[in-house]
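Structure file structure03.txt (compact mmCIF, C-alpha atoms) is printed below.
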```
# COMPACT_ATOMS: atom_id res chain seq x y z
CA MET S 1 -87.62 -15.32 -49.33
CA PRO S 2 -87.77 -18.53 -51.44
CA ALA S 3 -84.98 -19.02 -53.90
CA THR S 4 -87.30 -19.12 -56.93
CA LYS S 5 -88.71 -15.67 -56.08
CA LEU S 6 -85.18 -14.30 -55.76
CA ARG S 7 -84.21 -15.65 -59.15
CA ARG S 8 -87.33 -14.22 -60.77
CA SER S 9 -86.80 -10.75 -59.28
CA ALA S 10 -83.15 -10.81 -60.34
CA ARG S 11 -84.29 -11.57 -63.88
CA VAL S 12 -86.66 -8.59 -63.80
CA ARG S 13 -84.02 -6.21 -62.50
CA GLN S 14 -81.47 -7.19 -65.12
CA PRO S 15 -82.96 -6.98 -68.61
CA PRO S 16 -80.90 -8.65 -71.32
CA GLU S 17 -78.38 -6.45 -72.99
CA PRO S 18 -79.49 -5.46 -76.50
CA THR S 19 -77.36 -7.11 -79.13
CA PRO S 20 -75.44 -4.43 -80.99
CA LEU S 21 -76.28 -4.43 -84.69
CA ALA S 22 -73.31 -5.11 -86.91
CA PRO S 23 -72.63 -2.27 -89.33
CA PRO S 24 -73.51 -3.24 -92.91
CA LEU S 25 -70.50 -4.42 -94.83
CA SER S 26 -69.33 -2.40 -97.80
CA ASP S 27 -69.56 -3.75 -101.34
CA ALA S 28 -65.77 -4.05 -101.52
CA VAL S 29 -65.67 -6.34 -98.46
CA LEU S 30 -68.70 -8.33 -99.60
CA SER S 31 -67.34 -8.85 -103.11
CA GLU S 32 -63.97 -9.96 -101.73
CA ARG S 33 -65.61 -12.48 -99.42
CA LEU S 34 -67.96 -13.58 -102.20
CA ALA S 35 -65.00 -14.21 -104.50
CA GLN S 36 -63.43 -16.36 -101.77
CA GLY S 37 -66.56 -18.54 -101.78
CA ASP S 38 -67.86 -17.41 -98.37
CA ARG S 39 -71.36 -18.82 -97.88
CA TRP S 40 -72.29 -16.08 -95.42
CA ALA S 41 -71.34 -13.41 -97.99
CA ARG S 42 -73.61 -15.06 -100.58
CA GLU S 43 -76.60 -14.72 -98.30
CA ALA S 44 -75.56 -11.23 -97.21
CA VAL S 45 -75.43 -10.07 -100.85
CA PHE S 46 -78.79 -11.66 -101.50
CA ARG S 47 -80.40 -10.05 -98.43
CA LYS S 48 -78.87 -6.67 -99.19
CA TYR S 49 -79.92 -6.39 -102.82
CA VAL S 50 -82.91 -8.66 -103.33
CA ALA S 51 -85.47 -5.90 -102.73
CA ALA S 52 -83.78 -3.53 -105.20
CA VAL S 53 -83.50 -6.20 -107.91
CA TRP S 54 -87.08 -7.30 -107.27
CA GLY S 55 -88.42 -3.76 -107.67
CA LEU S 56 -86.49 -3.25 -110.88
CA ALA S 57 -87.55 -6.62 -112.33
CA LEU S 58 -91.18 -5.98 -111.41
CA ARG S 59 -91.24 -2.66 -113.23
CA LEU S 60 -89.33 -3.96 -116.25
CA MET S 61 -91.43 -7.09 -116.69
CA GLY S 62 -94.79 -5.75 -115.57
CA ASN S 63 -95.87 -8.98 -113.87
CA ARG S 64 -94.90 -10.85 -110.74
CA ALA S 65 -94.21 -14.31 -112.16
CA ASP S 66 -91.70 -13.06 -114.74
CA ALA S 67 -90.16 -10.68 -112.22
CA GLU S 68 -89.59 -13.57 -109.79
CA ASP S 69 -87.88 -15.58 -112.53
CA VAL S 70 -85.67 -12.63 -113.44
CA VAL S 71 -84.60 -12.13 -109.81
CA GLN S 72 -83.88 -15.83 -109.41
CA ASP S 73 -81.85 -16.02 -112.64
CA THR S 74 -79.95 -12.87 -111.69
CA PHE S 75 -78.85 -14.17 -108.31
CA ALA S 76 -78.16 -17.65 -109.71
CA GLU S 77 -75.79 -16.12 -112.26
CA VAL S 78 -74.12 -13.71 -109.85
CA LEU S 79 -73.63 -16.31 -107.11
CA HIS S 80 -72.45 -18.84 -109.68
CA ASP S 81 -69.87 -16.42 -111.12
CA ALA S 82 -68.77 -15.28 -107.68
CA ARG S 83 -65.14 -15.20 -108.81
CA GLN S 84 -65.99 -12.19 -110.98
CA ALA S 85 -67.04 -10.33 -107.83
CA ARG S 86 -63.45 -9.33 -107.12
CA GLU S 87 -63.28 -7.38 -110.40
CA ARG S 88 -66.72 -5.85 -109.96
CA ARG S 89 -66.51 -3.85 -106.80
CA VAL S 90 -69.88 -2.17 -107.33
CA LEU S 91 -72.24 -5.06 -106.66
CA ARG S 92 -75.39 -3.03 -107.21
CA GLY S 93 -74.41 -2.02 -110.74
CA TRP S 94 -73.37 -5.57 -111.57
CA LEU S 95 -76.67 -6.99 -110.27
CA ILE S 96 -78.74 -4.41 -112.15
CA GLY S 97 -76.82 -5.12 -115.37
CA VAL S 98 -77.39 -8.86 -115.05
CA ALA S 99 -81.07 -8.34 -114.16
CA VAL S 100 -81.55 -6.11 -117.23
CA GLN S 101 -79.99 -8.78 -119.48
CA HIS S 102 -82.31 -11.46 -118.09
CA ALA S 103 -85.33 -9.17 -118.35
CA ARG S 104 -84.49 -8.40 -121.97
CA ARG S 105 -84.13 -12.08 -122.80
CA ARG S 106 -87.53 -12.82 -121.29
CA LEU S 107 -89.19 -9.85 -122.98
CA GLU S 108 -87.80 -11.00 -126.34
CA HIS S 109 -89.12 -14.49 -125.68
CA ARG S 110 -92.51 -13.06 -124.75
CA ARG S 111 -92.53 -10.88 -127.88
CA MET S 112 -91.66 -13.86 -130.07
CA LEU S 113 -94.53 -15.86 -128.57
CA ARG S 114 -96.88 -12.95 -129.20
CA LEU S 115 -95.75 -12.66 -132.83
CA LEU S 116 -96.36 -16.38 -133.30
CA GLY S 117 -99.80 -16.04 -131.73
CA PHE S 118 -99.03 -17.92 -128.51
CA GLU S 119 -99.67 -15.03 -126.14
CA ARG S 120 -101.46 -15.99 -122.97
CA GLY S 121 -105.08 -14.86 -123.05
CA ASP S 122 -105.12 -14.11 -119.34
CA ARG S 123 -104.35 -10.43 -118.90
CA THR S 124 -105.01 -10.28 -115.19
CA HIS S 125 -101.32 -11.02 -114.46
CA ARG S 126 -100.34 -7.54 -115.63
CA LEU S 127 -99.24 -5.39 -112.76
CA ASN S 128 -100.34 -2.11 -114.33
CA GLU S 129 -103.89 -3.41 -114.74
CA GLN S 130 -104.00 -4.71 -111.19
CA LEU S 131 -102.78 -1.38 -109.87
CA ALA S 132 -105.21 0.49 -112.11
CA HIS S 133 -108.05 -1.41 -110.43
CA SER S 134 -106.89 -0.35 -107.00
CA LEU S 135 -106.51 3.33 -107.94
CA ASP S 136 -109.09 5.86 -108.94
CA GLY S 137 -109.48 8.38 -111.69
CA ALA S 138 -107.07 9.57 -114.31
CA LEU S 139 -103.95 8.10 -112.67
CA ALA S 140 -105.43 4.60 -112.96
CA SER S 141 -106.24 5.23 -116.60
CA ASP S 142 -102.71 6.51 -117.23
CA LEU S 143 -101.12 3.49 -115.58
CA TYR S 144 -103.29 1.19 -117.66
CA LYS S 145 -102.34 3.02 -120.84
CA LEU S 146 -98.67 2.97 -119.90
CA GLY S 147 -98.79 -0.82 -119.54
CA GLU S 148 -100.35 -1.08 -123.00
CA LEU S 149 -97.76 1.23 -124.57
CA LEU S 150 -94.80 -0.57 -122.98
CA ASP S 151 -96.11 -3.93 -124.15
CA ARG S 152 -96.07 -2.71 -127.75
CA MET S 153 -92.42 -1.53 -127.63
CA THR S 154 -89.37 -3.58 -128.55
CA PRO S 155 -87.64 -5.04 -125.47
CA ARG S 156 -84.61 -2.75 -125.73
CA ARG S 157 -86.75 0.36 -126.11
CA ARG S 158 -89.00 -0.68 -123.26
CA ILE S 159 -86.07 -1.36 -120.94
CA ALA S 160 -84.35 1.90 -121.88
CA TRP S 161 -87.52 3.88 -121.19
CA CYS S 162 -88.21 2.11 -117.90
CA LEU S 163 -84.64 2.63 -116.69
CA ARG S 164 -84.75 6.33 -117.54
CA TYR S 165 -88.28 7.29 -116.56
CA MET S 166 -89.15 4.76 -113.86
CA GLU S 167 -85.81 4.14 -112.19
CA GLY S 168 -84.44 7.63 -112.79
CA CYS S 169 -81.17 6.39 -114.36
CA SER S 170 -78.99 8.81 -116.31
CA ILE S 171 -78.54 8.25 -120.06
CA ASP S 172 -75.01 6.97 -119.44
CA GLU S 173 -76.34 4.38 -117.01
CA VAL S 174 -79.08 3.38 -119.47
CA ALA S 175 -76.44 2.82 -122.17
CA SER S 176 -74.26 0.86 -119.76
CA TYR S 177 -77.06 -1.40 -118.47
CA CYS S 178 -78.47 -1.97 -121.97
CA ALA S 179 -74.95 -2.73 -123.26
CA CYS S 180 -75.30 -0.28 -126.15
CA SER S 181 -73.68 2.96 -127.23
CA LEU S 182 -74.75 6.32 -125.86
CA ALA S 183 -76.12 7.28 -129.29
CA THR S 184 -78.24 4.12 -129.49
CA ALA S 185 -79.55 4.62 -125.97
CA THR S 186 -80.50 8.23 -126.75
CA ARG S 187 -82.19 7.23 -129.99
CA GLU S 188 -84.18 4.43 -128.32
CA LEU S 189 -85.17 6.75 -125.47
CA ASN S 190 -86.33 9.46 -127.85
CA LYS S 191 -88.41 7.04 -129.89
CA ALA S 192 -89.95 5.49 -126.79
CA HIS S 193 -90.66 8.82 -125.17
CA THR S 194 -92.30 10.18 -128.32
CA ILE S 195 -94.72 7.25 -128.21
CA VAL S 196 -95.44 7.69 -124.51
CA ARG S 197 -95.73 11.50 -124.66
CA ALA S 198 -98.35 11.19 -127.40
CA GLN S 199 -100.64 9.44 -124.90
CA LEU S 200 -99.47 10.52 -121.47
CA ASP S 201 -98.01 13.47 -119.69
CA ILE S 202 -94.83 12.24 -118.03
CA ALA S 203 -92.65 14.37 -115.80
CA GLU S 204 -89.07 14.59 -117.03
CA PRO S 205 -86.48 12.88 -114.84
CA VAL S 206 -83.86 15.03 -113.19
CA ASP S 207 -80.32 13.72 -113.51
CA ALA S 208 -78.40 13.57 -110.29
CA MET W 1 -104.43 15.01 -117.53
CA PRO W 2 -102.30 14.45 -114.41
CA LYS W 3 -98.57 14.30 -114.81
CA LEU W 4 -97.11 10.88 -113.93
CA GLN W 5 -94.21 11.45 -111.66
CA ALA W 6 -90.75 10.23 -112.57
CA PRO W 7 -89.42 7.99 -111.18
CA LEU W 8 -92.55 5.86 -111.13
CA ALA W 9 -90.84 3.45 -108.80
CA ASN W 10 -93.25 4.18 -105.96
CA ALA W 11 -96.37 3.70 -108.07
CA LEU W 12 -95.29 0.35 -109.48
CA ASP W 13 -93.83 -1.29 -106.43
CA GLU W 14 -94.77 -3.92 -103.92
CA PRO W 15 -92.85 -5.64 -101.15
CA LEU W 16 -91.45 -9.11 -101.55
CA SER W 17 -93.14 -11.65 -99.27
CA GLU W 18 -91.08 -14.00 -97.10
CA LEU W 19 -92.40 -16.95 -99.11
CA GLN W 20 -91.23 -15.41 -102.39
CA LEU W 21 -87.91 -14.58 -100.78
CA GLN W 22 -87.40 -18.20 -99.74
CA ARG W 23 -88.43 -19.48 -103.16
CA ILE W 24 -86.05 -17.14 -104.98
CA TRP W 25 -83.18 -17.97 -102.62
CA GLN W 26 -83.65 -21.69 -103.08
CA GLY W 27 -83.89 -21.28 -106.85
CA ALA W 28 -80.78 -19.11 -106.96
CA GLN W 29 -78.81 -21.78 -105.08
CA SER W 30 -79.41 -24.42 -107.73
CA PRO W 31 -76.64 -24.68 -110.33
CA LEU W 32 -77.24 -23.04 -113.68
CA GLU W 33 -77.95 -25.15 -116.67
CA PRO W 34 -74.83 -25.10 -118.85
CA THR W 35 -75.12 -23.07 -122.04
CA TRP W 36 -74.06 -25.96 -124.28
CA LYS W 37 -76.91 -28.05 -122.87
CA ARG W 38 -79.39 -25.29 -123.68
CA LYS W 39 -77.93 -24.86 -127.16
CA ARG W 40 -78.13 -28.61 -127.80
CA LEU W 41 -81.77 -28.60 -126.74
CA GLN W 42 -82.54 -25.69 -129.07
CA LEU W 43 -80.76 -27.43 -131.97
CA THR W 44 -82.67 -30.66 -131.32
CA ALA W 45 -85.97 -28.76 -131.27
CA ALA W 46 -85.08 -26.97 -134.52
CA ALA W 47 -84.10 -30.27 -136.16
CA CYS W 48 -87.37 -31.90 -135.07
CA LEU W 49 -89.34 -28.95 -136.43
CA ALA W 50 -87.49 -29.08 -139.75
CA ALA W 51 -88.10 -32.83 -139.99
CA ALA W 52 -91.81 -32.34 -139.26
CA VAL W 53 -92.09 -29.67 -141.95
CA PHE W 54 -90.26 -31.93 -144.42
CA VAL W 55 -92.59 -34.86 -143.67
CA LEU W 56 -95.62 -32.61 -144.11
CA PHE W 57 -94.18 -31.42 -147.42
CA LEU W 58 -93.72 -35.05 -148.59
CA LEU W 59 -97.25 -36.02 -147.54
CA ARG W 60 -98.82 -33.06 -149.28
```
structure tokens encoding of this file:
Amino acid sequence: MPATKLRRSARVRQPPEPTPLAPPLSDAVLSERLAQGDRWAREAVFRKYVAAVWGLALRLMGNRADAEDVVQDTFAEVLHDARQARERRVLRGWLIGVAVQHARRRLEHRRMLRLLGFERGDRTHRLNEQLAHSLDGALASDLYKLGELLDRMTPRRRIAWCLRYMEGCSIDEVASYCACSLATATRELNKAHTIVRAQLDIAEPVDA
Amino acid sequence: MPKLQAPLANALDEPLSELQLQRIWQGAQSPLEPTWKRKRLQLTAAACLAAAVFVLFLLR
């Protein structure tokens, strides 16, 4: 038998060994390596949490362009202040807190522009409206209305409501992420939910 | 009226494309603008605005 045929058949008989997947590193290990300035850890943190931060930013901001900016600013800040990672062992909570701060800053900026009459006329960027077009019936109408209601709220109230009713956070977590007291968080949530309940029927979140 | 489910995360969600992922990663790598630089820019803008208002007041 020619040598080439032998080599080919040997290749067929011996399939390559599957590469074992490395177990995902814990937050404690990642934050330690991040604090040491490990480049691999920076990318690992980004890959691990980018989807979660993106989803949160998208729901808080209500449009893709602003959400992308929020995600970018969040990771820029977290990777820049990597030395803090050692103190903050729970990376997810830290990232969400930073993302909420950036989202609030952008929502305040957007609100200021609207008050000064500089709001962009193009409303097609709103995620709720885009989704409402792709859905049918009363759910589409509710999503559209929800977008309208959230746009009229103050940034803090909007964020508090979104964290509680969209993300399913507890009131303690809402207060922590919004950097306010528990009483303020409860008050903001009650005010926001009164406004939303007047227009929509929202299922109450169940605390874990 | 149907009851919107909480959390609404599934209703208002979409995956991140690889292009967006690359763009965000590259943006996140760039160093942050220092706060003092941002503050100085804001102060300059405020000063320019005040000067413009003052000039308009004088011309009136």
Requested in this report: Measuring atom to atom with only C-alpha atoms, identify which of S:Met112, S:Ile202, S:Ala185, S:Ala99 is nearest to chain W.
Outcome: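 Nearest candidate to chain W out of S:Met112, S:Ile202, S:Ala185, S:Ala99: S:Ile202.
Atom CA of Gly93 of chain S is positioned 17.2 Å from atom CA of Ser181 of chain S.
Here atom CA of Leu58 of chain W stands at a distance of 25.7 Å from atom CA of Leu41 of chain W.
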Report task. Excluding segment 19-32 of chain W and any residue of its chain fewer than 2 positions from it, enumerate the residues within 6 Å of it, using only C-alpha atoms, and give them as a PyMOL selection string. Result -> (chain S and resi 72+75-76) or (chain W and resi 17)
Query raised in the report: atom CA of Leu143 of chain S and atom CA of Val196 of chain S are how many Å apart?
Result: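 Straight-line distance from atom CA of Leu143 of chain S to atom CA of Val196 of chain S works out to 11.4 Å.
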Requested in this report: Identify all chain S residues at most 8 Å from chain W by counting only C-alpha atoms; ligands do not count. Present them as a PyMOL selection string.
Outcome: chain S and resi 46+51+54-55+58-59+68-69+71-77+79-80+127-128+131+138-139+142+165-168+200-205
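Closest approach to Asn190 of chain S from the set S:Leu56, S:Lys48, S:Arg157, S:Ser170 is made by S:Arg157, with distances taken over all atoms listed in the file.
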Query raised in the report: Can you list, as a PyMOL selection string, every protein, DNA or RNA residue that comes within 8 Å of Leu189 of chain S when you count all atoms listed in the file, leaving out same-chain residues fewer than 5 positions away?
Result: chain S and resi 157+160-161+164
